[in-house]
file start_19.cif (mmCIF, C-alpha atoms)
data_coords
#
loop_
_atom_site.label_atom_id
_atom_site.label_comp_id
_atom_site.auth_asym_id
_atom_site.auth_seq_id
_atom_site.Cartn_x
_atom_site.Cartn_y
_atom_site.Cartn_z
CA MET A 9 0.00 0.00 0.00
CA ILE A 10 1.06 3.61 -0.61
CA PHE A 11 -0.24 6.56 1.41
CA LYS A 12 1.41 9.97 1.38
CA ARG A 13 0.16 13.34 2.49
CA ILE A 14 1.78 16.26 0.68
CA LYS A 15 1.75 19.47 2.70
CA SER A 16 2.11 22.77 0.87
CA GLU A 17 3.66 25.23 3.31
CA GLY A 18 2.15 28.66 3.70
CA LEU A 19 -1.24 27.71 2.31
CA ALA A 20 -1.39 24.77 4.75
CA HIS A 21 -2.86 22.75 1.88
CA TYR A 22 -2.96 18.96 2.08
CA SER A 23 -3.08 16.73 -0.96
CA TYR A 24 -2.80 12.96 -0.94
CA ILE A 25 -1.58 10.03 -3.00
CA ILE A 26 -3.18 6.73 -2.05
CA GLY A 27 -2.95 3.32 -3.67
CA ASP A 28 -2.28 -0.39 -3.55
CA GLY A 29 -0.50 -2.81 -5.84
CA THR A 30 0.29 -0.91 -9.01
CA GLU A 31 -2.63 1.58 -8.91
CA ALA A 32 -2.95 4.94 -7.16
CA ALA A 33 -5.13 8.03 -6.93
CA VAL A 34 -4.18 11.63 -6.19
CA ILE A 35 -6.63 13.80 -4.26
CA ASP A 36 -6.63 17.60 -4.72
CA PRO A 37 -3.20 17.98 -6.44
CA ARG A 38 -1.42 21.31 -6.29
CA ARG A 39 -0.10 23.15 -9.36
CA ASP A 40 3.51 21.93 -9.15
CA ILE A 41 2.92 18.24 -9.77
CA ASP A 42 6.44 16.79 -9.78
CA ILE A 43 6.04 15.52 -6.22
CA TYR A 44 3.20 13.18 -7.27
CA LEU A 45 5.10 11.89 -10.29
CA LYS A 46 8.16 11.22 -8.13
CA ALA A 47 6.12 9.41 -5.49
CA ALA A 48 4.45 7.22 -8.12
CA GLU A 49 7.80 6.44 -9.69
CA GLU A 50 9.41 5.55 -6.37
CA GLU A 51 6.50 3.32 -5.35
CA GLY A 52 6.11 1.70 -8.75
CA VAL A 53 2.45 2.65 -9.18
CA LYS A 54 0.40 4.16 -11.98
CA ILE A 55 -1.74 7.20 -11.12
CA LYS A 56 -5.13 5.97 -12.29
CA TYR A 57 -7.45 8.63 -10.83
CA ILE A 58 -7.27 12.33 -9.94
CA LEU A 59 -10.06 13.23 -7.53
CA GLU A 60 -11.08 16.76 -6.53
CA THR A 61 -13.14 17.43 -3.41
CA HIS A 62 -14.38 20.87 -4.50
CA ARG A 63 -13.56 23.84 -6.72
CA ASN A 64 -10.72 25.53 -4.86
CA GLU A 65 -10.36 29.25 -4.21
CA ASP A 66 -6.99 29.61 -2.47
CA TYR A 67 -4.62 27.79 -4.84
CA ILE A 68 -4.40 26.57 -8.43
CA ILE A 69 -5.27 22.91 -8.96
CA GLY A 70 -2.82 20.71 -10.89
CA SER A 71 -5.28 18.12 -12.18
CA LYS A 72 -5.11 18.80 -15.90
CA LYS A 73 -1.32 18.75 -16.15
CA LEU A 74 -1.06 15.68 -13.95
CA ALA A 75 -3.58 13.88 -16.17
CA GLU A 76 -1.63 14.89 -19.26
CA LYS A 77 1.48 13.25 -17.78
CA THR A 78 -0.23 10.11 -16.42
CA TYR A 79 -3.38 9.63 -18.55
CA ALA A 80 -5.36 9.46 -15.30
CA LEU A 81 -9.13 10.00 -15.18
CA ILE A 82 -10.07 13.33 -13.55
CA LYS A 83 -13.21 13.53 -11.43
CA HIS A 84 -14.18 17.02 -10.24
CA SER A 85 -16.89 18.24 -7.88
CA ASP A 86 -19.34 21.15 -8.21
CA ASP A 87 -20.84 19.90 -11.47
CA GLN A 88 -23.03 23.00 -11.76
CA LEU A 89 -19.92 24.93 -12.79
CA ASP A 90 -18.51 25.17 -16.31
CA TYR A 91 -15.42 22.98 -16.04
CA GLN A 92 -13.26 22.74 -19.16
CA TYR A 93 -11.66 19.42 -18.22
CA GLY A 94 -12.44 16.07 -16.62
CA GLU A 95 -15.75 14.51 -15.61
CA SER A 96 -18.18 15.26 -12.82
CA VAL A 97 -18.10 12.94 -9.84
CA VAL A 98 -21.40 11.49 -8.64
CA GLU A 99 -22.20 10.22 -5.17
CA GLY A 100 -21.66 6.49 -5.11
CA ASP A 101 -18.87 6.49 -7.72
CA LYS A 102 -16.28 3.88 -6.74
CA PHE A 103 -12.60 3.77 -7.63
CA LYS A 104 -10.75 0.48 -7.30
CA LEU A 105 -7.06 0.67 -6.33
CA GLY A 106 -5.66 -2.83 -6.02
CA ARG A 107 -7.26 -4.31 -2.91
CA LEU A 108 -8.54 -0.90 -1.77
CA GLU A 109 -11.55 1.09 -2.88
CA LEU A 110 -12.53 4.74 -2.71
CA GLU A 111 -16.16 5.85 -2.76
CA ALA A 112 -17.44 9.36 -3.47
CA VAL A 113 -20.00 10.85 -1.09
CA HIS A 114 -21.73 14.20 -1.63
CA THR A 115 -20.91 16.49 1.33
CA PRO A 116 -22.14 20.00 0.40
CA GLY A 117 -21.90 23.07 2.60
CA HIS A 118 -18.55 24.67 1.83
CA THR A 119 -19.60 24.50 -1.81
CA LYS A 120 -22.80 23.12 -3.27
CA GLY A 121 -21.09 20.23 -5.02
CA SER A 122 -18.38 19.32 -2.49
CA HIS A 123 -17.57 15.62 -2.28
CA SER A 124 -15.59 13.55 0.21
CA TYR A 125 -13.96 10.21 -0.55
CA ILE A 126 -14.19 7.23 1.78
CA LEU A 127 -11.31 4.76 1.67
CA TYR A 128 -12.30 1.17 2.47
CA ASP A 129 -9.64 -1.19 3.76
CA PHE A 130 -8.91 -4.74 2.61
CA ASP A 131 -11.98 -6.20 4.33
CA GLY A 132 -14.33 -3.48 3.12
CA SER A 133 -14.51 -1.40 6.32
CA PRO A 134 -14.22 2.43 6.30
CA TRP A 135 -10.61 3.31 7.06
CA MET A 136 -10.08 6.95 6.08
CA VAL A 137 -12.21 9.80 4.77
CA PHE A 138 -10.77 12.56 2.59
CA SER A 139 -13.10 15.36 3.63
CA GLY A 140 -11.86 18.28 1.52
CA ASP A 141 -13.09 21.49 3.14
CA ALA A 142 -16.15 19.92 4.77
CA LEU A 143 -14.46 18.98 8.04
CA PHE A 144 -11.06 19.93 9.45
CA ALA A 145 -9.26 19.21 12.69
CA GLY A 146 -11.02 21.61 15.04
CA ASP A 147 -13.17 23.37 12.46
CA ILE A 148 -15.48 23.10 9.49
CA GLY A 149 -15.28 24.74 6.07
CA ARG A 150 -16.40 28.34 5.68
CA LEU A 151 -19.98 28.74 4.49
CA ASP A 152 -20.04 32.25 3.06
CA PHE A 153 -19.03 31.81 -0.59
CA TYR A 154 -22.60 32.19 -1.84
CA GLY A 155 -23.35 35.32 0.17
CA ALA A 156 -25.06 36.12 3.47
CA ASP A 157 -28.51 35.10 2.24
CA MET A 158 -27.30 31.53 1.61
CA ILE A 159 -25.34 30.93 4.83
CA GLU A 160 -28.20 29.35 6.77
CA GLU A 161 -29.04 27.01 3.91
CA MET A 162 -25.41 26.00 3.37
CA ALA A 163 -24.97 25.43 7.11
CA GLY A 164 -27.97 23.10 7.03
CA ARG A 165 -26.52 21.20 4.09
CA LEU A 166 -23.20 20.85 5.87
CA TYR A 167 -24.89 19.64 9.06
CA ASP A 168 -26.68 16.93 7.08
CA ALA A 169 -23.43 15.93 5.35
CA LEU A 170 -21.47 15.75 8.60
CA TYR A 171 -24.05 14.05 10.80
CA ASN A 172 -25.59 11.74 8.22
CA LYS A 173 -22.55 10.79 6.12
CA ILE A 174 -19.16 11.51 7.69
CA LEU A 175 -19.55 11.10 11.47
CA PRO A 176 -21.44 7.77 11.23
CA LEU A 177 -18.40 6.18 9.51
CA GLY A 178 -17.00 5.43 12.97
CA ASP A 179 -14.80 7.00 15.64
CA GLY A 180 -11.70 5.12 14.50
CA VAL A 181 -11.84 6.36 10.91
CA ILE A 182 -8.88 8.64 10.09
CA LEU A 183 -9.86 12.14 8.93
CA CYS A 184 -7.82 13.52 6.02
CA PRO A 185 -8.87 17.14 5.34
CA ALA A 186 -7.64 19.44 2.58
CA HIS A 187 -6.09 21.98 4.96
CA GLY A 188 -4.25 22.23 8.25
CA ALA A 189 -3.68 25.02 10.76
CA GLY A 190 -2.89 28.36 9.16
CA SER A 191 -5.21 28.02 6.21
CA VAL A 192 -7.52 30.90 5.29
CA CYS A 193 -10.24 28.29 4.73
CA GLY A 194 -10.88 27.86 8.46
CA SER A 195 -10.11 30.24 11.33
CA LEU A 196 -10.20 27.60 14.09
CA ILE A 197 -8.27 24.75 12.45
CA ALA A 198 -6.34 22.94 15.18
CA GLU A 199 -2.63 22.21 15.07
CA ARG A 200 -3.05 18.45 15.43
CA GLU A 201 -1.45 16.99 12.33
CA TRP A 202 -3.49 13.79 12.43
CA THR A 203 -6.98 13.21 13.72
CA THR A 204 -9.93 10.83 13.64
CA ILE A 205 -13.67 11.18 13.56
CA GLY A 206 -13.78 10.23 17.23
CA ILE A 207 -11.29 12.92 18.20
CA GLU A 208 -13.28 15.52 16.27
CA LYS A 209 -16.55 14.44 17.86
CA ARG A 210 -14.97 15.05 21.27
CA SER A 211 -12.78 18.08 20.55
CA ASN A 212 -14.09 20.03 17.56
CA PRO A 213 -16.12 23.01 18.89
CA ARG A 214 -18.17 23.06 15.68
CA LEU A 215 -19.49 19.56 16.42
CA GLN A 216 -20.81 20.24 19.92
CA TYR A 217 -24.24 21.62 19.01
CA SER A 218 -27.29 19.60 19.97
CA SER A 219 -29.46 20.19 16.91
CA ARG A 220 -29.44 21.18 13.25
CA GLU A 221 -31.04 24.51 14.14
CA GLU A 222 -28.41 25.31 16.78
CA PHE A 223 -25.65 24.39 14.33
CA GLN A 224 -27.11 26.69 11.67
CA LYS A 225 -27.45 29.54 14.14
CA ASN A 226 -23.86 29.36 15.40
CA VAL A 227 -21.54 28.34 12.58
CA GLY A 228 -22.42 30.70 9.75
CA GLU A 229 -20.81 34.11 9.36
CA MET A 230 -19.47 36.25 6.55
CA HIS A 231 -15.71 36.55 6.17
CA LYS A 232 -13.72 38.84 3.91
CA LYS A 233 -11.94 37.21 1.01
CA PRO A 234 -8.65 38.25 -0.58
CA ALA A 235 -9.05 39.50 -4.13
CA TYR A 236 -7.11 36.62 -5.64
CA PHE A 237 -9.79 34.11 -4.54
CA ALA A 238 -12.03 35.09 -7.45
CA GLU A 239 -9.18 34.62 -9.90
CA MET A 240 -8.32 31.20 -8.47
CA GLU A 241 -11.96 30.12 -8.72
CA GLU A 242 -12.07 31.09 -12.38
CA MET A 243 -8.70 29.55 -13.23
CA ASN A 244 -9.66 26.30 -11.52
CA LEU A 245 -12.45 25.77 -14.01
CA LEU A 246 -9.70 25.59 -16.64
CA SER A 247 -6.95 23.88 -14.59
CA PRO A 248 -3.85 25.45 -16.17
CA LEU A 249 -1.54 23.12 -18.07
CA ASP A 250 1.73 24.64 -16.87
CA SER A 251 3.46 23.13 -13.86
CA GLY A 252 6.71 23.40 -11.94
CA HIS A 253 7.42 27.10 -11.49
CA PRO A 254 8.64 29.96 -13.70
CA PHE A 255 12.30 30.77 -14.21
CA VAL A 256 13.24 33.60 -11.86
CA PRO A 257 16.57 35.26 -12.73
CA ALA A 258 19.11 36.72 -10.33
CA LEU A 259 19.47 40.47 -10.94
CA ASN A 260 22.26 42.88 -10.11
CA ALA A 261 21.36 46.22 -8.54
CA GLU A 262 21.22 48.08 -11.86
CA GLU A 263 18.95 45.51 -13.49
CA PHE A 264 16.74 45.39 -10.39
CA GLU A 265 16.40 49.18 -10.23
CA LYS A 266 15.48 49.40 -13.90
CA LEU A 267 12.69 46.83 -13.58
CA ALA A 268 11.47 48.34 -10.31
CA ALA A 269 10.82 51.64 -12.10
CA GLU A 270 8.09 50.05 -14.23
CA ASP A 271 4.58 51.08 -13.16
CA ASP A 272 3.11 47.61 -12.78
CA THR A 273 5.89 46.25 -10.55
CA VAL A 274 5.87 45.51 -6.81
CA ILE A 275 9.07 45.05 -4.78
CA LEU A 276 8.30 42.28 -2.32
CA ASP A 277 10.78 42.08 0.56
CA THR A 278 10.46 38.74 2.39
CA ARG A 279 13.08 39.27 5.11
CA THR A 280 12.26 39.50 8.83
CA GLU A 281 10.88 42.67 10.38
CA THR A 282 14.21 43.64 11.95
CA GLU A 283 16.10 43.15 8.70
CA PHE A 284 13.58 45.25 6.80
CA SER A 285 13.60 47.98 9.44
CA SER A 286 17.40 48.29 9.25
CA ALA A 287 17.55 48.82 5.49
CA HIS A 288 15.18 48.33 2.57
CA ILE A 289 14.67 49.61 -0.96
CA SER A 290 12.32 52.58 -1.17
CA GLY A 291 8.74 51.59 -1.94
CA SER A 292 9.16 47.95 -0.91
CA LEU A 293 6.31 45.93 0.55
CA SER A 294 7.42 43.92 3.57
CA ILE A 295 5.90 40.46 3.98
CA TRP A 296 8.01 38.00 5.94
CA SER A 297 8.51 34.73 4.08
CA GLN A 298 6.79 32.72 6.82
CA ILE A 299 3.49 34.59 6.39
CA ILE A 300 3.63 35.36 2.69
CA SER A 301 0.83 32.98 1.67
CA SER A 302 -1.47 34.44 4.33
CA PHE A 303 -1.16 38.07 3.20
CA VAL A 304 0.18 38.48 -0.33
CA GLY A 305 -3.24 37.66 -1.81
CA TRP A 306 -4.76 40.57 0.10
CA LEU A 307 -2.08 43.10 -0.80
CA VAL A 308 -0.72 42.29 -4.28
CA PRO A 309 -2.88 41.75 -7.40
CA THR A 310 -1.90 38.62 -9.34
CA ASP A 311 -1.39 40.61 -12.55
CA LYS A 312 1.46 42.68 -11.05
CA LYS A 313 5.09 42.00 -11.82
CA ILE A 314 7.00 41.03 -8.68
CA LEU A 315 10.64 41.65 -7.77
CA LEU A 316 11.87 39.74 -4.74
CA VAL A 317 14.31 40.80 -2.03
CA ASN A 318 15.46 38.12 0.40
CA ASP A 319 18.81 36.97 1.78
CA GLY A 320 20.22 36.95 -1.76
CA ASN A 321 20.01 33.20 -2.39
CA TYR A 322 17.59 31.69 -4.87
CA PRO A 323 14.12 32.11 -3.29
CA GLY A 324 12.81 28.71 -4.39
CA GLU A 325 10.21 28.14 -1.66
CA ILE A 326 8.85 31.68 -1.97
CA VAL A 327 8.54 31.29 -5.74
CA ARG A 328 6.69 28.00 -5.29
CA GLN A 329 4.23 29.50 -2.84
CA LEU A 330 3.54 32.48 -5.10
CA TYR A 331 3.20 30.26 -8.14
CA ARG A 332 0.62 28.04 -6.42
CA MET A 333 -1.44 31.16 -5.81
CA GLY A 334 -1.35 32.31 -9.44
CA TYR A 335 1.56 34.77 -9.30
CA ASP A 336 3.27 34.01 -12.60
CA ARG A 337 4.96 37.36 -13.28
CA ILE A 338 7.98 37.10 -10.99
CA SER A 339 10.57 39.17 -12.80
CA GLY A 340 13.61 38.34 -10.68
CA TYR A 341 15.31 38.58 -7.30
CA LEU A 342 18.11 40.80 -6.02
CA SER A 343 21.29 38.73 -6.16
CA ARG A 344 23.16 38.84 -2.83
CA GLY A 345 20.26 40.80 -1.38
CA ILE A 346 20.45 44.25 0.15
CA LEU A 347 24.25 43.92 0.41
CA ASN A 348 24.43 44.07 -3.39
CA TRP A 349 22.23 47.17 -3.35
CA HIS A 350 24.47 48.97 -0.90
CA MET A 351 27.71 47.92 -2.60
CA SER A 352 26.44 49.53 -5.81
CA GLY A 353 26.19 52.85 -3.97
CA ARG A 354 22.40 52.98 -3.95
CA LYS A 355 20.40 54.41 -1.06
CA SER A 356 18.09 52.51 1.25
CA GLU A 357 15.50 53.49 3.83
CA LYS A 358 14.73 52.52 7.42
CA VAL A 359 11.69 52.01 9.64
CA LYS A 360 11.91 53.16 13.25
CA THR A 361 11.15 50.50 15.86
CA ILE A 362 10.46 50.54 19.58
CA ASN A 363 10.16 47.72 22.11
CA VAL A 364 6.74 47.21 23.66
CA ASP A 365 7.92 47.96 27.22
CA LYS A 366 9.43 51.26 26.07
CA LEU A 367 6.19 52.22 24.35
CA CYS A 368 4.20 51.49 27.51
CA SER A 369 6.54 53.77 29.46
CA LEU A 370 6.16 56.58 26.91
CA ILE A 371 2.38 56.30 26.96
CA ASP A 372 2.30 56.41 30.76
CA SER A 373 4.58 59.46 30.74
CA GLY A 374 1.99 61.41 28.77
CA GLU A 375 3.47 61.41 25.26
CA ASP A 376 1.00 62.34 22.53
CA TYR A 377 0.60 59.31 20.28
CA TRP A 378 -1.64 57.50 17.80
CA LEU A 379 -1.68 53.74 18.35
CA LEU A 380 -2.71 51.56 15.41
CA ASP A 381 -3.76 48.01 16.31
CA ILE A 382 -3.76 45.90 13.13
CA ARG A 383 -4.89 42.61 14.67
CA LYS A 384 -7.95 40.89 13.30
CA LYS A 385 -11.28 41.24 15.08
CA GLU A 386 -11.11 37.61 16.20
CA GLU A 387 -7.68 38.16 17.75
CA ILE A 388 -8.81 41.23 19.65
CA GLU A 389 -11.86 39.39 21.00
CA LYS A 390 -9.67 36.49 22.14
CA GLU A 391 -6.57 38.33 23.39
CA GLY A 392 -8.03 41.58 24.66
CA LYS A 393 -8.62 45.14 23.50
CA ILE A 394 -6.02 47.87 24.03
CA ALA A 395 -7.60 51.00 25.44
CA ASN A 396 -7.29 54.09 23.20
CA ALA A 397 -5.98 52.06 20.24
CA HIS A 398 -7.39 52.55 16.75
CA GLU A 399 -8.29 49.19 15.23
CA ILE A 400 -7.74 48.70 11.50
CA PRO A 401 -6.90 45.15 10.38
CA LEU A 402 -3.78 44.85 8.26
CA THR A 403 -5.72 43.79 5.17
CA GLU A 404 -7.89 46.93 5.34
CA ILE A 405 -5.27 49.62 5.97
CA LYS A 406 -4.94 50.79 2.37
CA TYR A 407 -8.70 51.37 2.24
CA ASN A 408 -8.80 53.41 5.47
CA LEU A 409 -5.91 55.86 5.14
CA ASN A 410 -8.24 58.79 5.87
CA GLN A 411 -8.73 57.51 9.44
CA ILE A 412 -5.04 57.84 10.32
CA GLU A 413 -3.87 60.98 12.16
CA LYS A 414 -0.70 61.89 10.31
CA ASP A 415 0.32 64.76 12.62
CA LYS A 416 1.08 62.45 15.55
CA VAL A 417 3.67 59.75 16.07
CA ILE A 418 2.07 56.56 14.78
CA TYR A 419 2.88 53.39 16.68
CA ILE A 420 1.85 50.21 14.88
CA PHE A 421 1.03 47.21 17.01
CA CYS A 422 0.13 43.55 16.37
CA GLY A 423 0.82 40.27 18.13
CA SER A 424 4.59 40.25 17.54
CA GLY A 425 5.70 43.00 15.14
CA MET A 426 5.89 40.86 12.00
CA ARG A 427 2.63 42.12 10.51
CA SER A 428 3.23 45.61 11.89
CA MET A 429 6.24 45.94 9.60
CA THR A 430 3.99 45.04 6.66
CA ALA A 431 1.59 47.78 7.75
CA ALA A 432 4.46 50.25 8.09
CA SER A 433 5.69 49.47 4.58
CA ILE A 434 2.20 50.17 3.23
CA LEU A 435 1.88 53.46 5.11
CA LYS A 436 5.37 54.62 4.08
CA ARG A 437 4.29 54.36 0.45
CA GLU A 438 0.98 56.14 0.99
CA ILE A 439 1.41 58.92 3.59
CA GLU A 440 3.94 61.30 5.13
CA ALA A 441 4.14 60.58 8.86
CA ASP A 442 6.42 59.59 11.75
CA ILE A 443 5.87 55.81 11.82
CA LYS A 444 7.25 53.44 14.42
CA VAL A 445 6.75 49.68 14.65
CA VAL A 446 6.24 48.13 18.08
CA LEU A 447 8.39 45.02 18.50
CA GLY A 448 6.96 42.44 20.88
CA GLY A 449 3.44 41.25 21.52
CA LEU A 450 0.74 41.38 24.13
CA SER A 451 2.80 39.36 26.60
CA GLY A 452 4.99 42.44 27.10
CA TRP A 453 2.20 45.01 27.35
CA SER A 454 2.24 46.81 30.72
CA SER A 455 0.77 50.28 30.24
CA THR A 456 -1.38 51.57 33.11
CA THR A 457 -3.04 54.40 31.16
CA CYS A 458 -3.60 52.27 28.05
CA PRO A 459 -4.38 48.83 29.50
CA ILE A 460 -5.56 45.62 27.89
CA LYS A 461 -9.27 45.06 28.45
CA ASP A 462 -11.04 41.71 28.29
#

call {"tool": "encode", "arguments": {"input": "start_19.cif", "output": "structure tokens"}}
result
Amino acid sequence: MIFKRIKSEGLAHYSYIIGDGTEAAVIDPRRDIDIYLKAAEEEGVKIKYILETHRNEDYIIGSKKLAEKTYALIKHSDDQLDYQYGESVVEGDKFKLGRLELEAVHTPGHTKGSHSYILYDFDGSPWMVFSGDALFAGDIGRLDFYGADMIEEMAGRLYDALYNKILPLGDGVILCPAHGAGSVCGSLIAEREWTTIGIEKRSNPRLQYSSREEFQKNVGEMHKKPAYFAEMEEMNLLSPLDSGHPFVPALNAEEFEKLAAEDDTVILDTRTETEFSSAHISGSLSIWSQIISSFVGWLVPTDKKILLVNDGNYPGEIVRQLYRMGYDRISGYLSRGILNWHMSGRKSEKVKTINVDKLCSLIDSGEDYWLLDIRKKEEIEKEGKIANAHEIPLTEIKYNLNQIEKDKVIYIFCGSGMRSMTAASILKREIEADIKVVLGGLSGWSSTTCPIKD
């Protein structure tokens, strides 16, 4: 038997290759498909089926290219949509893989046509369920893609799918969702890497309601979506044929500067907040490499050209993450990083920083200030509200510049300072003001005149 879970960092996307004997299936493949081809080659199996759980919105699916390489049969969900490839899966469809068998089951809610796939073991008992975005560790799929008027209906559909189809499979059945912790597809996804239906029945807060009506009342809410979601949804009806990732050249300072001057280009600096604060190229957008998949889709349109600044080595993992999200126009990266820029005699800029304990002391001493809290609403509700702070989530700053008092010192605060540097880089491009990033999180907050409130 072969079973491998492929985790795509950043997006926290899970895809799977499952099989027995000489036959295998891939579930929800990502755009760069080489990992599935390599796994099949190493295990000596033929990829016979490519199964999609739903039409994805946060990454580009790799089904069409994988089928071109393997001649596998593609089965996609959401048959009401105008797919340009593959065949629609139908509840009850079965897929034989050696001694194993997969069965499709309709589990709508996240999308109208979502399907899960039950894996039966050698004696015909349910063994695993590949639940897509219907059920996660600690959470369920978001229900707002059809608008506020449809949330109650979609919640009801998901309740029926969970309680009538997935949960009855048995407590010992292994749950294999399409995402892990950190995904934008679920705000409460737990950090347990592996889980079972029984664990979720005991621990998942979304499965603790006593009735369908209570479930519908409590689980549905509207969430904002990054702009690139709509583009991914449209592209995933076509399933692009290209795979791997684009060639991204190393650029010297002169070449980099020339390309950066073009109107449709964004300089994306993926270094840490302290590195960016010390020196960065004017006009750069700071998004630390570890959070790039969570925020680039909110802040950079996919049709922009991108120039990368990192430590100066080939930014392979960053390129892969961007490519999976539909960013194909990566024009190059600065060879040898900011050192190269400085050695060419070119100027750089800085961002002022302050430690959180120092800020608390300044506030208590009576300094005039304007504190910008860029945490999400859910974070503030969970961690506490800072008195006198102005709350504008990071993803909404560029739309609310008129709310910012530019004649005062602006201190930008988040949980740690990582996202605050992103906010500072946005404001530096948009307004003239004295901007300072607060390093350190709530654990260091000790102001008496500007306390944290529950």

call {"tool": "resolve_selection", "arguments": {"input": "start_19.cif", "expression": "the PyMOL selection byres ((chain A and resi 206-211) around 8)", "output": "list in words"}}
result
Ala145, Gly146, Leu175, Gly178, Asp179, Gly180, Val181, Thr203, Thr204, Ile205, Asn212, Pro213, Leu215 and Gln216 of chain A

call {"tool": "resolve_selection", "arguments": {"input": "start_19.cif", "expression": "the PyMOL selection byres ((chain A and resi 368) around 9)", "output": "list in words"}}
result
Asn363, Val364, Asp365, Lys366, Leu367, Ser369, Leu370, Ile371, Asp372, Ser373, Trp453, Ser454, Ser455, Thr456, Thr457 and Cys458 of chain A

call {"tool": "residues_around", "arguments": {"input": "start_19.cif", "residues": "stretch 126-138 of chain A", "least_positions_apart": "3", "cutoff": "10 Å", "atoms": "all atoms listed in the file", "output": "PyMOL selection string"}}
result
chain A and resi 23-24+26+35-36+61+102-113+123+141-143+174+177-178+180-186+204-205

call {"tool": "resolve_selection", "arguments": {"input": "start_19.cif", "expression": "the PyMOL selection byres ((chain A and resi 263-265) around 12)", "output": "PyMOL selection string"}}
result
chain A and resi 257-262+266-270+273-275+289-292+314-317+339-346+348-349+352+354-355

call {"tool": "atom_distance", "arguments": {"input": "start_19.cif", "atom1": "atom CA of A:Gln411", "atom2": "atom CA of A:Ala238"}}
result
28.3 Å

call {"tool": "closest_residue", "arguments": {"input": "start_19.cif", "among": "A:Ser433, A:Phe255, A:Asp86, A:Gln224", "to": "A:Ala287", "atoms": "all atoms listed in the file"}}
result
A:Ser433

call {"tool": "atom_distance", "arguments": {"input": "start_19.cif", "atom1": "atom CA of A:Ala397", "atom2": "atom CA of A:Asp376"}}
result
12.6 Å

call {"tool": "atom_distance", "arguments": {"input": "start_19.cif", "atom1": "atom CA of A:Lys77", "atom2": "atom CA of A:Ala33"}}
result
13.7 Å

call {"tool": "residues_around", "arguments": {"input": "start_19.cif", "residues": "A:Pro401", "least_positions_apart": "6", "cutoff": "8 Å", "atoms": "all atoms listed in the file", "output": "VMD selection string"}}
result
chain A and resid 381 to 385

call {"tool": "residues_around", "arguments": {"input": "start_19.cif", "residues": "A:Ile443", "least_positions_apart": "3", "cutoff": "10 Å", "atoms": "only C-alpha atoms", "output": "PyMOL selection string"}}
result
chain A and resi 359-361+378+414+416-420+431-433+435-436+439-440+446

call {"tool": "closest_residue", "arguments": {"input": "start_19.cif", "among": "A:Thr278, A:His21, A:Val308, A:Tyr331", "to": "A:Arg427", "atoms": "only C-alpha atoms"}}
result
A:Thr278

call {"tool": "residues_near_point", "arguments": {"input": "start_19.cif", "point": "(-5.8, 41.8, 14.7)", "cutoff": "12 Å", "atoms": "all atoms listed in the file", "output": "PyMOL selection string"}}
result
chain A and resi 380-394+397-405+420-425+427-428+431+449-450

call {"tool": "closest_residue", "arguments": {"input": "start_19.cif", "among": "A:Ser191, A:Arg332, A:Asp319, A:Lys46", "to": "A:Glu283", "atoms": "only C-alpha atoms"}}
result
A:Asp319

call {"tool": "residues_near_point", "arguments": {"input": "start_19.cif", "point": "(-0.2, 53.1, -2.3)", "cutoff": "7 Å", "atoms": "only C-alpha atoms", "output": "list in words"}}
result
Ile434, Arg437 and Glu438 of chain A

call {"tool": "residues_around", "arguments": {"input": "start_19.cif", "residues": "A:Met162", "least_positions_apart": "5", "cutoff": "10 Å", "atoms": "all atoms listed in the file", "output": "list in words"}}
result
Pro116, Gly117, His118, Thr119, Lys120, Arg150, Leu151, Asp152, Phe153, Tyr154, Asp157, Tyr167, Asp168, Gln224 and Gly228 of chain A

call {"tool": "write_last_selection", "arguments": {"input": "start_19.cif", "atoms": "C-alpha atoms", "output": "mmCIF file, in the coordinates of the input"}}
result
data_model
loop_
_atom_site.group_PDB
_atom_site.id
_atom_site.type_symbol
_atom_site.label_atom_id
_atom_site.label_comp_id
_atom_site.auth_asym_id
_atom_site.auth_seq_id
_atom_site.Cartn_x
_atom_site.Cartn_y
_atom_site.Cartn_z
ATOM 1 C CA PRO A 116 -22.140 20.000 0.400
ATOM 2 C CA GLY A 117 -21.900 23.070 2.600
ATOM 3 C CA HIS A 118 -18.550 24.670 1.830
ATOM 4 C CA THR A 119 -19.600 24.500 -1.810
ATOM 5 C CA LYS A 120 -22.800 23.120 -3.270
ATOM 6 C CA ARG A 150 -16.400 28.340 5.680
ATOM 7 C CA LEU A 151 -19.980 28.740 4.490
ATOM 8 C CA ASP A 152 -20.040 32.250 3.060
ATOM 9 C CA PHE A 153 -19.030 31.810 -0.590
ATOM 10 C CA TYR A 154 -22.600 32.190 -1.840
ATOM 11 C CA ASP A 157 -28.510 35.100 2.240
ATOM 12 C CA TYR A 167 -24.890 19.640 9.060
ATOM 13 C CA ASP A 168 -26.680 16.930 7.080
ATOM 14 C CA GLN A 224 -27.110 26.690 11.670
ATOM 15 C CA GLY A 228 -22.420 30.700 9.750
#

call {"tool": "residues_around", "arguments": {"input": "start_19.cif", "residues": "stretch 244-249 of chain A", "least_positions_apart": "2", "cutoff": "9 Å", "atoms": "all atoms listed in the file", "output": "list in words"}}
result
Arg39, Arg63, Asn64, Glu65, Tyr67, Ile68, Ile69, Gly70, Ser71, Lys72, Lys73, Leu74, Glu76, Leu89, Asp90, Tyr91, Gln92, Tyr93, Glu239, Met240, Glu241, Glu242 and Ser251 of chain A

call {"tool": "closest_residue", "arguments": {"input": "start_19.cif", "among": "A:Lys233, A:Lys312, A:Lys225, A:Lys461", "to": "A:Val192", "atoms": "all atoms listed in the file"}}
result
A:Lys233
